[in-house]
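As provided, my_file-v8.pdb (PDB, C-alpha atoms, pLDDT in the B column) reads as follows.
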```pdb
ATOM      1  CA  MET B   1      48.069  55.682  59.707  1.00 84.00           C
ATOM      2  CA  ALA B   2      50.333  58.416  61.011  1.00 92.00           C
ATOM      3  CA  ILE B   3      52.661  59.743  63.668  1.00 95.00           C
ATOM      4  CA  ARG B   4      51.281  62.109  66.281  1.00 94.00           C
ATOM      5  CA  ILE B   5      53.548  64.638  67.970  1.00 94.00           C
ATOM      6  CA  VAL B   6      52.596  64.852  71.659  1.00 95.00           C
ATOM      7  CA  ARG B   7      53.569  66.206  75.044  1.00 95.00           C
ATOM      8  CA  LEU B   8      54.461  63.320  77.328  1.00 96.00           C
ATOM      9  CA  GLY B   9      52.302  63.084  80.429  1.00 95.00           C
ATOM     10  CA  THR B  10      49.172  64.315  78.630  1.00 95.00           C
ATOM     11  CA  ALA B  11      46.177  62.037  78.124  1.00 95.00           C
ATOM     12  CA  LYS B  12      46.495  59.717  75.141  1.00 93.00           C
ATOM     13  CA  GLU B  13      44.139  60.389  72.280  1.00 89.00           C
ATOM     14  CA  ARG B  14      41.858  57.748  70.818  1.00 87.00           C
ATOM     15  CA  ALA B  15      43.708  55.596  68.269  1.00 86.00           C
ATOM     16  CA  GLU B  16      47.040  57.240  69.162  1.00 92.00           C
ATOM     17  CA  GLY B  17      48.769  53.891  69.241  1.00 93.00           C
ATOM     18  CA  LEU B  18      52.128  53.239  70.822  1.00 96.00           C
ATOM     19  CA  ARG B  19      53.698  56.289  72.497  1.00 97.00           C
ATOM     20  CA  LEU B  20      57.468  56.680  72.091  1.00 97.00           C
ATOM     21  CA  GLY B  21      59.344  58.797  74.603  1.00 97.00           C
ATOM     22  CA  THR B  22      62.022  60.555  72.585  1.00 97.00           C
ATOM     23  CA  VAL B  23      63.578  62.061  75.715  1.00 97.00           C
ATOM     24  CA  ARG B  24      67.003  61.780  77.288  1.00 94.00           C
ATOM     25  CA  LEU B  25      65.805  61.740  80.908  1.00 93.00           C
ATOM     26  CA  LEU B  26      63.196  59.509  82.492  1.00 94.00           C
ATOM     27  CA  PRO B  27      60.269  61.138  84.342  1.00 93.00           C
ATOM     28  CA  ARG B  28      61.260  62.104  87.878  1.00 92.00           C
ATOM     29  CA  GLY B  29      59.545  60.353  90.734  1.00 94.00           C
ATOM     30  CA  VAL B  30      57.681  57.908  88.494  1.00 95.00           C
ATOM     31  CA  LYS B  31      58.169  54.159  88.777  1.00 95.00           C
ATOM     32  CA  SER B  32      59.083  52.503  85.487  1.00 94.00           C
ATOM     33  CA  GLN B  33      56.011  50.276  85.601  1.00 94.00           C
ATOM     34  CA  ASP B  34      53.851  53.449  85.709  1.00 96.00           C
ATOM     35  CA  TYR B  35      55.265  55.248  82.638  1.00 96.00           C
ATOM     36  CA  ALA B  36      52.540  53.984  80.289  1.00 95.00           C
ATOM     37  CA  LYS B  37      49.765  54.112  82.897  1.00 94.00           C
ATOM     38  CA  LEU B  38      50.500  57.809  83.510  1.00 95.00           C
ATOM     39  CA  SER B  39      50.627  58.567  79.751  1.00 95.00           C
ATOM     40  CA  TYR B  40      54.343  59.248  79.584  1.00 96.00           C
ATOM     41  CA  PHE B  41      55.372  56.574  77.083  1.00 97.00           C
ATOM     42  CA  ASP B  42      55.111  52.905  76.215  1.00 97.00           C
ATOM     43  CA  VAL B  43      58.664  52.682  74.861  1.00 97.00           C
ATOM     44  CA  TRP B  44      61.637  54.878  75.747  1.00 97.00           C
ATOM     45  CA  LEU B  45      63.673  55.895  72.700  1.00 96.00           C
ATOM     46  CA  PRO B  46      66.452  58.219  73.938  1.00 97.00           C
ATOM     47  CA  GLU B  47      68.443  57.751  70.717  1.00 97.00           C
ATOM     48  CA  LEU B  48      66.229  60.415  69.122  1.00 98.00           C
ATOM     49  CA  ALA B  49      66.522  62.834  72.041  1.00 97.00           C
ATOM     50  CA  PRO B  50      69.045  65.648  72.270  1.00 97.00           C
ATOM     51  CA  SER B  51      72.325  64.635  73.923  1.00 97.00           C
ATOM     52  CA  ARG B  52      72.786  65.337  77.636  1.00 95.00           C
ATOM     53  CA  ALA B  53      74.989  68.306  76.754  1.00 97.00           C
ATOM     54  CA  LEU B  54      72.310  69.725  74.465  1.00 97.00           C
ATOM     55  CA  VAL B  55      69.570  69.158  77.078  1.00 94.00           C
ATOM     56  CA  SER B  56      71.739  71.090  79.562  1.00 95.00           C
ATOM     57  CA  TYR B  57      72.126  73.893  77.029  1.00 96.00           C
ATOM     58  CA  ALA B  58      68.359  73.992  76.454  1.00 93.00           C
ATOM     59  CA  GLN B  59      67.577  74.193  80.161  1.00 92.00           C
ATOM     60  CA  ALA B  60      70.290  76.728  81.063  1.00 95.00           C
ATOM     61  CA  LYS B  61      68.521  79.938  79.978  1.00 95.00           C
ATOM     62  CA  PRO B  62      65.187  81.068  78.509  1.00 94.00           C
ATOM     63  CA  TRP B  63      64.795  80.646  74.773  1.00 94.00           C
ATOM     64  CA  THR B  64      65.664  83.462  72.420  1.00 95.00           C
ATOM     65  CA  ASP B  65      65.577  83.218  68.655  1.00 96.00           C
ATOM     66  CA  THR B  66      69.391  83.016  68.630  1.00 97.00           C
ATOM     67  CA  ARG B  67      69.517  80.238  71.242  1.00 96.00           C
ATOM     68  CA  TRP B  68      66.758  78.297  69.443  1.00 97.00           C
ATOM     69  CA  ALA B  69      68.659  78.563  66.140  1.00 97.00           C
ATOM     70  CA  ALA B  70      71.826  77.255  67.823  1.00 97.00           C
ATOM     71  CA  PHE B  71      69.880  74.413  69.469  1.00 97.00           C
ATOM     72  CA  THR B  72      68.278  73.524  66.131  1.00 98.00           C
ATOM     73  CA  ARG B  73      71.640  73.328  64.344  1.00 98.00           C
ATOM     74  CA  ARG B  74      73.146  71.172  67.078  1.00 98.00           C
ATOM     75  CA  TYR B  75      70.145  68.817  67.319  1.00 98.00           C
ATOM     76  CA  LEU B  76      69.957  68.337  63.548  1.00 98.00           C
ATOM     77  CA  ARG B  77      73.691  67.586  63.499  1.00 98.00           C
ATOM     78  CA  GLU B  78      73.137  64.942  66.217  1.00 98.00           C
ATOM     79  CA  MET B  79      70.287  63.409  64.208  1.00 98.00           C
ATOM     80  CA  HIS B  80      72.584  62.911  61.232  1.00 97.00           C
ATOM     81  CA  ARG B  81      74.475  60.180  63.083  1.00 97.00           C
ATOM     82  CA  PRO B  82      73.943  56.811  61.340  1.00 97.00           C
ATOM     83  CA  GLU B  83      72.032  55.238  64.259  1.00 95.00           C
ATOM     84  CA  ALA B  84      69.618  58.186  64.421  1.00 97.00           C
ATOM     85  CA  ARG B  85      69.150  58.221  60.627  1.00 97.00           C
ATOM     86  CA  ARG B  86      68.255  54.499  60.692  1.00 98.00           C
ATOM     87  CA  LEU B  87      65.647  55.026  63.431  1.00 97.00           C
ATOM     88  CA  ILE B  88      64.153  58.009  61.624  1.00 98.00           C
ATOM     89  CA  ALA B  89      63.890  55.969  58.414  1.00 98.00           C
ATOM     90  CA  LEU B  90      62.304  53.070  60.327  1.00 97.00           C
ATOM     91  CA  LEU B  91      59.714  55.275  62.043  1.00 97.00           C
ATOM     92  CA  ALA B  92      58.902  57.084  58.799  1.00 97.00           C
ATOM     93  CA  ALA B  93      58.277  53.739  57.075  1.00 97.00           C
ATOM     94  CA  LEU B  94      56.207  52.422  59.989  1.00 96.00           C
ATOM     95  CA  SER B  95      54.018  55.537  59.929  1.00 96.00           C
ATOM     96  CA  LYS B  96      52.526  54.311  56.673  1.00 95.00           C
ATOM     97  CA  GLN B  97      51.258  51.133  58.367  1.00 95.00           C
ATOM     98  CA  ALA B  98      50.611  52.020  62.030  1.00 95.00           C
ATOM     99  CA  ASN B  99      49.529  54.814  64.330  1.00 95.00           C
ATOM    100  CA  PHE B 100      52.010  55.839  66.997  1.00 96.00           C
ATOM    101  CA  SER B 101      53.249  58.989  68.643  1.00 96.00           C
ATOM    102  CA  ILE B 102      56.531  60.615  69.578  1.00 96.00           C
ATOM    103  CA  GLY B 103      56.864  63.033  72.420  1.00 95.00           C
ATOM    104  CA  CYS B 104      58.788  65.103  74.916  1.00 96.00           C
ATOM    105  CA  TYR B 105      57.997  66.866  78.195  1.00 95.00           C
ATOM    106  CA  CYS B 106      58.397  70.449  76.917  1.00 93.00           C
ATOM    107  CA  GLU B 107      55.363  72.663  77.259  1.00 91.00           C
ATOM    108  CA  SER B 108      55.805  74.394  73.906  1.00 88.00           C
ATOM    109  CA  PRO B 109      56.086  72.142  70.863  1.00 87.00           C
ATOM    110  CA  TRP B 110      57.615  75.009  68.864  1.00 89.00           C
ATOM    111  CA  ARG B 111      60.659  75.349  71.144  1.00 94.00           C
ATOM    112  CA  CYS B 112      61.147  71.620  71.562  1.00 95.00           C
ATOM    113  CA  HIS B 113      63.087  69.002  69.654  1.00 96.00           C
ATOM    114  CA  ARG B 114      59.842  67.123  68.953  1.00 95.00           C
ATOM    115  CA  SER B 115      58.916  69.720  66.305  1.00 94.00           C
ATOM    116  CA  LEU B 116      62.330  69.238  64.687  1.00 97.00           C
ATOM    117  CA  LEU B 117      62.041  65.450  64.897  1.00 97.00           C
ATOM    118  CA  GLY B 118      58.582  65.639  63.339  1.00 95.00           C
ATOM    119  CA  GLN B 119      60.055  67.568  60.407  1.00 96.00           C
ATOM    120  CA  LEU B 120      62.885  65.038  60.021  1.00 97.00           C
ATOM    121  CA  LEU B 121      60.297  62.242  59.924  1.00 97.00           C
ATOM    122  CA  ARG B 122      58.217  64.158  57.367  1.00 96.00           C
ATOM    123  CA  ASP B 123      61.334  64.787  55.241  1.00 97.00           C
ATOM    124  CA  GLU B 124      61.989  61.027  55.327  1.00 97.00           C
ATOM    125  CA  GLY B 125      58.478  60.391  53.956  1.00 96.00           C
ATOM    126  CA  GLY B 126      56.730  59.812  57.262  1.00 96.00           C
ATOM    127  CA  LYS B 127      53.050  60.574  57.615  1.00 94.00           C
ATOM    128  CA  ILE B 128      52.543  63.151  60.383  1.00 93.00           C
ATOM    129  CA  ASN B 129      49.178  63.873  61.971  1.00 87.00           C
ATOM    130  CA  LEU B 130      49.333  67.687  62.068  1.00 67.00           C
ATOM    131  CA  ARG B 131      46.217  68.018  64.238  1.00 61.00           C
ATOM    132  CA  SER B 132      48.153  66.558  67.152  1.00 51.00           C
ATOM    133  CA  ALA B 133      51.348  68.625  66.889  1.00 47.00           C
ATOM    134  CA  HIS B 134      51.039  70.002  70.424  1.00 46.00           C
TER
END
```

Rewritten as structure tokens:
Amino acid sequence: MAIRIVRLGTAKERAEGLRLGTVRLLPRGVKSQDYAKLSYFDVWLPELAPSRALVSYAQAKPWTDTRWAAFTRRYLREMHRPEARRLIALLAALSKQANFSIGCYCESPWRCHRSLLGQLLRDEGGKINLRSAH
């Protein structure tokens, strides 16, 4: 059992399990009843997404190492809120008993909060499927 880190909107892998959309914004132009059918997500979990202000920051300019470092600090600070910490602990515990995935729309997993969230889950004892960290 483990958590996969995925790009939302990509084909689900065999035995991926439930797909959690850890995004702030819903997919544009997609009806809510089609989110799962189109491989976006089965459950929307915006509580683990960057805040609207941080999403705006991320989309404002191309990434540089300095901007990524600032984004990382801000996102990790947001994930230290009690409600986020509880969800991270829950998902980490569930990863030992079920397969599921977390994802975002970003093309690059390395300049996306999903890589940071994956590390937070791993730090909490979650089992991460590293083969799927794309």

- Task: Calculate how many Å separate CA of Arg4 in chain B from CA of Tyr35 in chain B, rounding to one decimal.
- Result: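 That distance, rounded to one decimal, is 18.2 Å.
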
- Message: Given all atoms listed in the file as the basis, pick out the residue of B:Ile88, B:Phe71, B:Glu124, B:Gly103 nearest to Gln59 in chain B.
- Response: B:Phe71

- What is the distance between CA of Leu25 in chain B and CA of Glu78 in chain B, in Å to one decimal? 16.7 Å

Considering all atoms listed in the file, return as a short mmCIF file (atom, residue, chain, number, x, y, z; two decimals) with C-alpha atoms, in the coordinates of the input whatever protein or nucleic-acid residues lie within 12 Å of Leu87 in chain B, sequence-local ones (same chain, fewer than 2 positions apart) excluded.
```cif
data_model
loop_
_atom_site.label_atom_id
_atom_site.label_comp_id
_atom_site.auth_asym_id
_atom_site.auth_seq_id
_atom_site.Cartn_x
_atom_site.Cartn_y
_atom_site.Cartn_z
CA THR B 22 62.02 60.56 72.58
CA LEU B 45 63.67 55.90 72.70
CA PRO B 46 66.45 58.22 73.94
CA GLU B 47 68.44 57.75 70.72
CA LEU B 48 66.23 60.42 69.12
CA ALA B 49 66.52 62.83 72.04
CA MET B 79 70.29 63.41 64.21
CA HIS B 80 72.58 62.91 61.23
CA ARG B 81 74.47 60.18 63.08
CA PRO B 82 73.94 56.81 61.34
CA GLU B 83 72.03 55.24 64.26
CA ALA B 84 69.62 58.19 64.42
CA ARG B 85 69.15 58.22 60.63
CA ALA B 89 63.89 55.97 58.41
CA LEU B 90 62.30 53.07 60.33
CA LEU B 91 59.71 55.28 62.04
CA ALA B 92 58.90 57.08 58.80
CA ALA B 93 58.28 53.74 57.08
CA LEU B 94 56.21 52.42 59.99
CA LEU B 117 62.04 65.45 64.90
CA LEU B 120 62.88 65.04 60.02
CA LEU B 121 60.30 62.24 59.92
CA GLU B 124 61.99 61.03 55.33
CA GLY B 126 56.73 59.81 57.26
#
```

- Task: Counting only C-alpha atoms, find the residues whose atoms lie at most 9 Å from (51.1, 57.2, 79.6) (file coordinates) and write them out as an MDAnalysis selection string.
- Result: chainID B and resid 8:12 19 34:42

Just the selected residues (C-alpha atoms), exported as a PDB file, in the frame of the given file, please.
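Result written to selection-v5.pdb:
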```
ATOM      1  CA  LEU B   8      54.461  63.320  77.328  1.00 96.00           C
ATOM      2  CA  GLY B   9      52.302  63.084  80.429  1.00 95.00           C
ATOM      3  CA  THR B  10      49.172  64.315  78.630  1.00 95.00           C
ATOM      4  CA  ALA B  11      46.177  62.037  78.124  1.00 95.00           C
ATOM      5  CA  LYS B  12      46.495  59.717  75.141  1.00 93.00           C
ATOM      6  CA  ARG B  19      53.698  56.289  72.497  1.00 97.00           C
ATOM      7  CA  ASP B  34      53.851  53.449  85.709  1.00 96.00           C
ATOM      8  CA  TYR B  35      55.265  55.248  82.638  1.00 96.00           C
ATOM      9  CA  ALA B  36      52.540  53.984  80.289  1.00 95.00           C
ATOM     10  CA  LYS B  37      49.765  54.112  82.897  1.00 94.00           C
ATOM     11  CA  LEU B  38      50.500  57.809  83.510  1.00 95.00           C
ATOM     12  CA  SER B  39      50.627  58.567  79.751  1.00 95.00           C
ATOM     13  CA  TYR B  40      54.343  59.248  79.584  1.00 96.00           C
ATOM     14  CA  PHE B  41      55.372  56.574  77.083  1.00 97.00           C
ATOM     15  CA  ASP B  42      55.111  52.905  76.215  1.00 97.00           C
TER      16      ASP B  42
END
```

- Message: Can you tell me which residues surround Ser108 in chain B at a distance of at most 12 Å, considering all atoms listed in the file, apart from same-chain residues fewer than 4 positions away, and format the answer as a list in words?
- Response: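 Skipping anything fewer than 4 positions along the chain leaves Ile5, Val6, Arg7, Leu8, Trp63, Gly103, Cys104, Cys112, His113, Arg114, Ser115, Ala133 and His134 of chain B.
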
Go ahead and write the residues just picked, C-alpha atoms, as a compact mmCIF listing (two decimals), keeping the file's coordinate frame.
```txt
# COMPACT_ATOMS: atom_id res chain seq x y z
CA ILE B 5 53.55 64.64 67.97
CA VAL B 6 52.60 64.85 71.66
CA ARG B 7 53.57 66.21 75.04
CA LEU B 8 54.46 63.32 77.33
CA TRP B 63 64.80 80.65 74.77
CA GLY B 103 56.86 63.03 72.42
CA CYS B 104 58.79 65.10 74.92
CA CYS B 112 61.15 71.62 71.56
CA HIS B 113 63.09 69.00 69.65
CA ARG B 114 59.84 67.12 68.95
CA SER B 115 58.92 69.72 66.31
CA ALA B 133 51.35 68.62 66.89
CA HIS B 134 51.04 70.00 70.42
```

- What residues have an atom no more than 8 Å from (52.0, 50.5, 69.5) in the file's own frame, counting all atoms listed in the file, and can you write them as a PyMOL selection string? chain B and resi 17-19+42+98-100

Dump of C-alpha atoms for the selected residues, as a PDB file, in the frame of the given file:
```pdb
ATOM      1  CA  GLY B  17      48.769  53.891  69.241  1.00 93.00           C
ATOM      2  CA  LEU B  18      52.128  53.239  70.822  1.00 96.00           C
ATOM      3  CA  ARG B  19      53.698  56.289  72.497  1.00 97.00           C
ATOM      4  CA  ASP B  42      55.111  52.905  76.215  1.00 97.00           C
ATOM      5  CA  ALA B  98      50.611  52.020  62.030  1.00 95.00           C
ATOM      6  CA  ASN B  99      49.529  54.814  64.330  1.00 95.00           C
ATOM      7  CA  PHE B 100      52.010  55.839  66.997  1.00 96.00           C
TER       8      PHE B 100
END
```

- Item | Å distance separating CA of Leu20 in chain B from CA of Arg74 in chain B, one decimal place |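 So the two atoms, CA of Leu20 in chain B and CA of Arg74 in chain B, lie 21.9 Å apart.
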
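Across B:Tyr75, B:Trp44, B:Tyr105, B:Trp110, the tightest approach to Ser32 in chain B is made by B:Trp44 when counting all atoms listed in the file.
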
Quick one: everything within 10 Å of Arg52 in chain B, counting all atoms listed in the file, minus sequence neighbours fewer than 5 positions away in the same chain. Send it as a short mmCIF file (atom, residue, chain, number, x, y, z; two decimals) with C-alpha atoms, keeping the file's coordinate frame.
```
data_model
loop_
_atom_site.label_atom_id
_atom_site.label_comp_id
_atom_site.auth_asym_id
_atom_site.auth_seq_id
_atom_site.Cartn_x
_atom_site.Cartn_y
_atom_site.Cartn_z
CA VAL B 23 63.58 62.06 75.72
CA ARG B 24 67.00 61.78 77.29
CA LEU B 25 65.81 61.74 80.91
CA TYR B 57 72.13 73.89 77.03
CA ALA B 58 68.36 73.99 76.45
#
```
